[in-house]
Structure formats: structure tokens, C-alpha cells
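Novice: The following file, input22.cif, comprises mmCIF, C-alpha atoms and all ligand atoms:
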data_work
loop_
_atom_site.label_atom_id
_atom_site.label_comp_id
_atom_site.auth_asym_id
_atom_site.auth_seq_id
_atom_site.Cartn_x
_atom_site.Cartn_y
_atom_site.Cartn_z
CA MET C 1 -13.02 18.82 26.23
CA PRO C 2 -10.28 18.91 28.88
CA ALA C 3 -8.63 22.28 29.38
CA ASN C 4 -5.14 21.00 28.46
CA ARG C 5 -6.26 19.59 25.11
CA PRO C 6 -5.35 21.87 22.18
CA ALA C 7 -7.91 22.50 19.45
CA ILE C 8 -7.51 20.63 16.16
CA PRO C 9 -5.68 22.97 13.74
CA ARG C 10 -8.05 24.48 11.20
CA GLU C 11 -6.28 23.04 8.17
CA LEU C 12 -6.31 19.52 9.63
CA ASP C 13 -9.94 19.85 10.67
CA ARG C 14 -10.83 20.81 7.10
CA ARG C 15 -8.89 17.91 5.59
CA VAL C 16 -10.74 15.41 7.78
CA ARG C 17 -14.11 16.93 6.85
CA VAL C 18 -13.28 17.04 3.14
CA GLU C 19 -12.07 13.43 3.24
CA ALA C 20 -15.54 12.40 4.43
CA GLY C 21 -17.36 14.80 2.07
CA HIS C 22 -18.62 16.76 5.10
CA CYS C 23 -20.86 13.87 6.12
CA CYS C 24 -20.63 11.16 8.74
CA ALA C 25 -17.87 8.80 7.55
CA ILE C 26 -19.94 5.71 8.30
CA GLN C 27 -21.03 4.98 4.77
CA ARG C 28 -24.64 4.04 5.46
CA CYS C 29 -25.17 6.93 7.85
CA LYS C 30 -23.80 9.98 6.00
CA TRP C 31 -25.57 12.36 8.38
CA PRO C 32 -24.53 15.91 7.42
CA ILE C 33 -23.86 17.21 10.95
CA ILE C 34 -20.39 16.09 11.98
CA GLU C 35 -17.78 16.18 14.70
CA ILE C 36 -14.17 15.11 14.51
CA ALA C 37 -13.45 11.90 16.44
CA HIS C 38 -10.15 10.26 17.39
CA ILE C 39 -10.01 6.59 16.35
CA VAL C 40 -7.49 5.81 19.09
CA PRO C 41 -8.72 8.04 21.94
CA TRP C 42 -7.07 11.39 22.56
CA SER C 43 -6.32 10.32 26.16
CA LYS C 44 -3.95 7.67 24.73
CA VAL C 45 -2.32 9.47 21.78
CA LYS C 46 -2.40 13.08 23.03
CA ARG C 47 -2.00 14.19 19.43
CA HIS C 48 -4.16 15.26 16.52
CA GLU C 49 -3.06 13.30 13.45
CA PHE C 50 -4.87 12.93 10.15
CA ASP C 51 -4.69 9.11 10.07
CA ASN C 52 -6.26 8.91 13.51
CA LEU C 53 -9.09 11.37 12.88
CA ILE C 54 -12.46 10.70 11.31
CA ALA C 55 -15.62 12.75 10.78
CA LEU C 56 -18.65 11.28 12.58
CA CYS C 57 -22.16 12.47 13.32
CA PRO C 58 -22.90 12.96 17.05
CA ASN C 59 -24.93 9.74 17.10
CA CYS C 60 -22.22 7.51 15.59
CA HIS C 61 -19.62 9.30 17.73
CA THR C 62 -21.54 8.37 20.89
CA ARG C 63 -21.98 4.79 19.71
CA TYR C 64 -18.23 4.59 19.10
CA ASP C 65 -17.44 6.01 22.54
CA ARG C 66 -19.81 3.45 24.10
CA GLY C 67 -18.07 0.61 22.26
CA GLU C 68 -21.03 -0.34 20.07
CA ILE C 69 -18.67 0.20 17.12
CA ASP C 70 -15.17 -1.15 17.75
CA GLN C 71 -11.81 0.27 16.71
CA THR C 72 -11.22 -2.27 13.91
CA ALA C 73 -14.55 -1.36 12.35
CA MET C 74 -13.77 2.34 12.67
CA ARG C 75 -10.38 1.78 10.96
CA GLN C 76 -12.27 0.09 8.11
CA TYR C 77 -14.60 3.08 7.76
CA LYS C 78 -11.56 5.35 7.63
CA GLU C 79 -9.87 3.11 5.06
CA ASN C 80 -12.99 3.19 2.89
CA LEU C 81 -12.60 6.96 2.55
CA SER C 82 -9.23 6.65 0.85
CA LEU C 83 -9.10 7.31 -2.89
CA ALA C 84 -6.77 4.35 -3.23
CA SER C 85 -8.89 1.91 -1.24
CA PRO C 86 -9.93 -1.24 -3.11
CA LEU C 87 -13.51 -0.08 -2.71
CA ALA C 88 -12.91 3.32 -4.29
CA LEU C 89 -10.98 1.79 -7.17
CA ALA C 90 -13.64 -0.82 -7.78
CA ILE C 91 -16.10 2.03 -8.34
CA HIS C 92 -13.74 4.15 -10.42
CA PRO C 93 -11.23 1.83 -12.11
CA ASP C 94 -10.07 4.76 -14.27
CA HIS C 95 -8.56 6.32 -11.16
CA PHE C 96 -6.24 3.39 -10.80
CA ASP C 97 -3.87 4.60 -13.57
CA LEU C 98 -3.77 8.11 -12.20
CA LEU C 99 -2.98 6.94 -8.67
CA SER C 100 -0.42 4.33 -9.69
CA ASN C 101 1.32 6.82 -12.02
CA TYR C 102 1.39 9.27 -9.13
CA GLN C 103 2.88 6.75 -6.73
CA ARG C 104 5.51 5.64 -9.19
CA PHE C 105 6.44 9.22 -10.10
CA ARG C 106 6.75 10.18 -6.46
CA ILE C 107 8.97 7.22 -5.60
CA LEU C 108 11.24 7.78 -8.61
CA ILE C 109 11.56 11.54 -8.08
CA GLU C 110 12.43 10.94 -4.41
CA ARG C 111 15.01 8.35 -5.44
CA TRP C 112 16.54 10.78 -7.94
CA ILE C 113 16.75 13.44 -5.19
CA ASP C 114 18.37 10.90 -2.83
CA ARG C 115 21.01 10.00 -5.44
CA LEU C 116 21.73 13.68 -6.08
CA THR C 117 22.08 14.24 -2.33
CA GLU C 118 24.50 11.31 -2.06
CA PHE C 119 26.50 12.74 -4.94
CA THR C 120 26.74 16.18 -3.27
CA GLU C 121 27.74 14.60 0.03
CA GLY C 122 30.41 12.59 -1.79
CA VAL C 123 31.86 15.73 -3.36
CA GLU C 124 31.79 17.60 -0.04
CA SER C 125 33.43 14.82 1.94
CA ARG C 126 36.00 14.26 -0.84
CA VAL C 127 35.38 10.58 -1.49
CA SER C 128 37.57 8.87 -4.11
CA LYS C 129 37.20 9.60 -7.82
CA ALA C 130 36.03 6.04 -8.39
CA GLU C 131 33.29 6.50 -5.79
CA ILE C 132 32.22 9.79 -7.40
CA ARG C 133 31.92 7.98 -10.72
CA VAL C 134 29.73 5.31 -9.11
CA ARG C 135 27.48 7.93 -7.54
CA PHE C 136 27.31 9.85 -10.81
CA ALA C 137 26.19 6.73 -12.66
CA LYS C 138 23.49 6.19 -10.02
CA VAL C 139 22.23 9.74 -10.51
CA ARG C 140 22.04 9.20 -14.27
CA GLU C 141 20.11 5.95 -13.88
CA ALA C 142 17.71 7.53 -11.35
CA SER C 143 17.13 10.56 -13.56
CA LYS C 144 16.41 8.33 -16.56
CA GLN C 145 13.78 6.39 -14.62
CA ALA C 146 12.25 9.56 -13.19
CA SER C 147 12.08 11.01 -16.67
CA HIS C 148 10.22 7.97 -18.05
CA SER C 149 7.67 8.11 -15.25
CA TRP C 150 7.31 11.87 -15.71
CA VAL C 151 6.42 11.56 -19.40
CA ARG C 152 3.94 8.81 -18.74
CA PHE C 153 2.30 10.56 -15.79
CA ALA C 154 2.13 13.97 -17.50
CA LEU C 155 0.61 12.50 -20.67
CA GLN C 156 -2.05 10.51 -18.81
CA SER C 157 -3.09 13.22 -16.35
CA PRO C 158 -5.73 15.90 -16.53
CA ARG C 159 -4.25 19.32 -17.28
CA SER C 160 -4.54 20.57 -13.66
CA VAL C 161 -2.27 17.72 -12.58
CA SER C 162 0.15 17.59 -15.53
CA VAL C 163 1.09 21.26 -15.06
CA LEU C 164 2.31 20.46 -11.54
CA VAL C 165 3.98 17.23 -12.63
CA ASP C 166 5.98 19.21 -15.21
CA GLN C 167 6.95 21.77 -12.56
CA VAL C 168 8.25 19.03 -10.27
CA PHE C 169 10.32 17.37 -12.97
CA HIS C 170 11.74 20.63 -14.32
CA GLY C 171 12.51 21.90 -10.81
CA VAL C 172 14.44 18.79 -9.78
CA ALA C 173 16.26 18.70 -13.13
CA ASN C 174 17.35 22.31 -12.62
CA TRP C 175 18.65 21.46 -9.15
CA GLY C 176 20.38 18.37 -10.57
CA SER C 177 22.12 20.44 -13.21
CA GLN C 178 23.53 22.68 -10.46
CA VAL C 179 24.60 19.72 -8.34
CA LEU C 180 26.30 17.89 -11.21
CA ARG C 181 27.53 21.12 -12.83
CA ILE C 182 26.21 19.97 -16.16
CA PRO C 183 24.26 22.54 -18.17
CA LEU C 184 20.72 21.69 -19.20
CA ARG C 185 19.86 21.29 -22.84
CA ASP C 186 19.09 24.62 -24.53
CA ASP C 187 15.40 23.83 -24.94
CA PHE C 188 14.91 22.61 -21.37
CA PRO C 189 12.84 25.04 -19.22
CA ARG C 190 14.81 27.12 -16.71
CA VAL C 191 12.81 27.21 -13.48
CA MET C 192 13.51 27.68 -9.79
CA PRO C 193 15.53 24.62 -8.71
CA LEU C 194 13.62 22.29 -6.38
CA THR C 195 15.76 21.22 -3.43
CA PRO C 196 14.93 18.37 -1.00
CA GLY C 197 13.61 20.81 1.62
CA ALA C 198 10.94 22.07 -0.78
CA MET C 199 9.49 18.63 -1.53
CA PRO C 200 6.96 18.19 1.30
CA ALA C 201 5.09 21.33 0.18
CA VAL C 202 5.34 20.27 -3.46
CA TRP C 203 3.93 16.79 -2.79
CA SER C 204 1.15 18.22 -0.70
CA GLU C 205 0.13 20.51 -3.57
CA LEU C 206 0.26 17.70 -6.12
CA HIS C 207 -1.71 15.44 -3.78
CA SER C 208 -4.49 18.04 -3.50
CA ALA C 209 -4.57 18.51 -7.28
CA ILE C 210 -5.00 14.76 -7.78
CA TYR C 211 -7.67 14.63 -5.11
CA ASP C 212 -9.53 17.48 -6.82
CA ALA C 213 -9.18 15.87 -10.24
CA VAL C 214 -10.63 12.62 -8.93
CA ALA C 215 -13.48 14.44 -7.17
CA GLN C 216 -14.18 16.38 -10.38
CA ASN C 217 -14.25 13.20 -12.38
CA GLU C 218 -16.74 11.74 -9.90
CA LEU C 219 -18.96 14.76 -10.42
CA GLU C 220 -18.70 14.46 -14.19
CA SER C 221 -19.46 10.75 -14.46
CA PRO C 222 -22.97 10.48 -15.91
CA GLY C 223 -25.57 9.10 -13.54
CA GLU C 224 -23.12 8.78 -10.68
CA SER C 225 -24.54 10.81 -7.86
CA THR C 226 -23.02 10.41 -4.42
CA ASP C 227 -26.08 8.43 -3.37
CA SER C 228 -25.84 5.81 -6.08
CA TRP C 229 -22.12 5.68 -5.37
CA HIS C 230 -22.89 4.57 -1.86
CA GLN C 231 -25.75 2.28 -2.79
CA ARG C 232 -23.38 0.33 -4.99
CA LEU C 233 -20.90 0.20 -2.16
CA LEU C 234 -23.12 -1.42 0.41
ZN ZN C 301 -23.28 8.78 11.65
#
Would you mind writing the file out in C-alpha cells?
Ligand SMILES: [Zn+2]

Specialist:
Amino acid sequence: MPANRPAIPRELDRRVRVEAGHCCAIQRCKWPIIEIAHIVPWSKVKRHEFDNLIALCPNCHTRYDRGEIDQTAMRQYKENLSLASPLALAIHPDHFDLLSNYQRFRILIERWIDRLTEFTEGVESRVSKAEIRVRFAKVREASKQASHSWVRFALQSPRSVSVLVDQVFHGVANWGSQVLRIPLRDDFPRVMPLTPGAMPAVWSELHSAIYDAVAQNELESPGESTDSWHQRLL
């Protein structure tokens, strides 16, 4: 390793290893001794990024460096590790609902936050009353859609996920009530308002919970050991 190359941060290193189940990411290999490889070489990117990192055994790593395995193939191996890959969903179709609910919820919550931000900016920059009314209507529409996706997602998720999903919805609603200066209904939970700056950490936590729930479900499926999982794959 060249002297000017920084080490991969511990948290990132762990994520890459967990993604591959602490085995070589090449599905037929699965050797348990692994190194972290850059798909596009470090010398070109000069950065450690999750999407460009993959766990490989020393043997597969050497074969990749020699060009026996090309970059397109390596991208495919990386893609196969994703919970949302067609391959993963073909094996666990029940994960499809969870993942699509998650995606929809995330998009609609982000949209709601964007509309609230536009509303605040409108108030601060003193746009016309008519424009404020337009932005207010957009907030209401976005919050309605977010609320529908929240109910659906929370009802169809395992408990470990639905707790977080509730926290996200309640947090944004509390922030929205401050922004719009409209009190929440009496029975609505009062929690710490979630502002846009807090969202990356929130999404990261929810993402991990979903990942864990899916992994748990894989463990619980009768007769579905990791080995048979891979035999069916290839
Ligand atoms: Zn290998």
C-alpha cells in the first residue's frame, strides 16, 4: 500500500464486509478470508467509497488485479450483493414489499420536507400571499401522501422497522407544525422535531434496521441455509 494512501475508515470497512457476509463476494467462491478491493482502482479514484469497494479473498483479488476477471463482471458481483437486486428478490419475493414500501416512504418524506423548506423560504423572503397559499397547498398534498405511505409501511413492517418509521413520521410532522404554525392534533405524539439536517443519520439508521430485518428473515426461513441460497443462485 503506498504511503500516501489513507486506510479505509473502520465503519466503511465493516459495511463492505457485512454486505458480503464476511466471505469472498464472488458467489461461487465465498472463501472466508477476505480483503477489501477497489472495483475501479485506487490509483484512478483516490477515494474509498462504498459503491466502489468489494470484499474478495486474496485469490480472487489477485485474479482481478491480473485482469482474469474484468470490471464489468466485478460490478455484477457487487450488484448481486444488493438486497434489492433482481437476484435477491427472486429468492425472497417477500422482501419486495418491504423494500418498495421503504423506497416510497423515503421519497415521499423527502418531498414533504422539500415542500416545507420551500414554504419557510417563501415566508422568509416575503413572497406574495398568493404564492404562500400555493406553497401551503403543496405542503398539505405532500403531507397527505407521506402519511398514506407511512401507514402502509408501518403496518407491513416488522416491529424493529415500524418503530423507526413512526419516529420519522412523527418527527417530520412535529417540525411541519412549527413551520406552518399549526398545532398538532391533541392525540398526535409530541417528539423532537426532525429537521432536514437530521435526515441523513435517520435514513442510515432505518436502512440498517431494514437490512437487519431482511437478514433475520433469511435466518428464520426454514431450510434456507446460506449454502442452499447460493446453490439456487448459480
Ligand atoms: Zn474468492

Novice: Residues of chain C within 12 Å of ligand ZN 301 (chain C): nearest atom pair and distance (Å, one decimal) for each, counting all atoms listed in the file, sorted by chain and number, as a Markdown table?

Specialist:
| residue | atom | partner | partner_atom | distance |
| --- | --- | --- | --- | --- |
| C:Ala20 | CA | C:ZN301 | ZN | 11.2 |
| C:His22 | CA | C:ZN301 | ZN | 11.3 |
| C:Cys23 | CA | C:ZN301 | ZN | 7.9 |
| C:Cys24 | CA | C:ZN301 | ZN | 4.6 |
| C:Ala25 | CA | C:ZN301 | ZN | 6.8 |
| C:Ile26 | CA | C:ZN301 | ZN | 5.6 |
| C:Gln27 | CA | C:ZN301 | ZN | 8.2 |
| C:Arg28 | CA | C:ZN301 | ZN | 7.9 |
| C:Cys29 | CA | C:ZN301 | ZN | 4.6 |
| C:Lys30 | CA | C:ZN301 | ZN | 5.8 |
| C:Trp31 | CA | C:ZN301 | ZN | 5.4 |
| C:Pro32 | CA | C:ZN301 | ZN | 8.4 |
| C:Ile33 | CA | C:ZN301 | ZN | 8.5 |
| C:Ile34 | CA | C:ZN301 | ZN | 7.9 |
| C:Glu35 | CA | C:ZN301 | ZN | 9.7 |
| C:Ile36 | CA | C:ZN301 | ZN | 11.5 |
| C:Ala37 | CA | C:ZN301 | ZN | 11.4 |
| C:Ile54 | CA | C:ZN301 | ZN | 11.0 |
| C:Ala55 | CA | C:ZN301 | ZN | 8.7 |
| C:Leu56 | CA | C:ZN301 | ZN | 5.3 |
| C:Cys57 | CA | C:ZN301 | ZN | 4.2 |
| C:Pro58 | CA | C:ZN301 | ZN | 6.8 |
| C:Asn59 | CA | C:ZN301 | ZN | 5.8 |
| C:Cys60 | CA | C:ZN301 | ZN | 4.3 |
| C:His61 | CA | C:ZN301 | ZN | 7.1 |
| C:Thr62 | CA | C:ZN301 | ZN | 9.4 |
| C:Arg63 | CA | C:ZN301 | ZN | 9.1 |
| C:Tyr64 | CA | C:ZN301 | ZN | 9.9 |
| C:Ile69 | CA | C:ZN301 | ZN | 11.2 |
| C:Met74 | CA | C:ZN301 | ZN | 11.5 |
| C:Tyr77 | CA | C:ZN301 | ZN | 11.1 |

Novice: Taking only C-alpha atoms into account, name the residue in C:Ala213, C:Val18, C:Leu89, C:Val172 that is nearest to Gly197 (chain C).

Specialist: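 Ranking C:Ala213, C:Val18, C:Leu89, C:Val172 by distance to Gly197 (chain C), first place goes to C:Val172.
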
Novice: I'd like the interatomic distance between CA of Val179 (chain C) and CA of Leu116 (chain C), to a tenth of an Å.

Specialist: 7.1 Å

Novice: At what distance in Å, to one decimal, does CA of Trp150 (chain C) lie from CA of Phe169 (chain C)?

Specialist: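 The value is 6.8 Å.
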
Novice: If the box runs along x, y and z of the file and leaves 6 Å on each side of region 9-13 of chain C, what are its centre and edge lengths in Å, one decimal, as AutoDock Vina command-line options?

Specialist:
--center_x -7.8 --center_y 22.0 --center_z 11.0 --size_x 16.3 --size_y 17.0 --size_z 17.6

Novice: Return the single residue from C:Ala201, C:Leu99, C:Leu180, C:Leu194 that is closest to Phe153 (chain C), with distances computed using all atoms listed in the file.

Specialist: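 For Phe153 (chain C), the nearest of the given residues is C:Leu99.
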
Novice: When you look at Asp166 (chain C) with a cut-off of 10 Å (counting only C-alpha atoms), what residues show up, excluding the ones that are within fewer than 3 positions of it in the same chain? I need them as a short mmCIF file (atom, residue, chain, number, x, y, z; two decimals) with C-alpha atoms, in the coordinates of the input.

Specialist:
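Contents of result37.cif, freshly written:
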data_model
loop_
_atom_site.label_atom_id
_atom_site.label_comp_id
_atom_site.auth_asym_id
_atom_site.auth_seq_id
_atom_site.Cartn_x
_atom_site.Cartn_y
_atom_site.Cartn_z
CA TRP C 150 7.31 11.87 -15.71
CA VAL C 151 6.42 11.56 -19.40
CA PHE C 153 2.30 10.56 -15.79
CA ALA C 154 2.13 13.97 -17.50
CA VAL C 161 -2.27 17.72 -12.58
CA SER C 162 0.15 17.59 -15.53
CA VAL C 163 1.09 21.26 -15.06
CA PHE C 169 10.32 17.37 -12.97
CA HIS C 170 11.74 20.63 -14.32
CA GLY C 171 12.51 21.90 -10.81
CA PRO C 189 12.84 25.04 -19.22
#
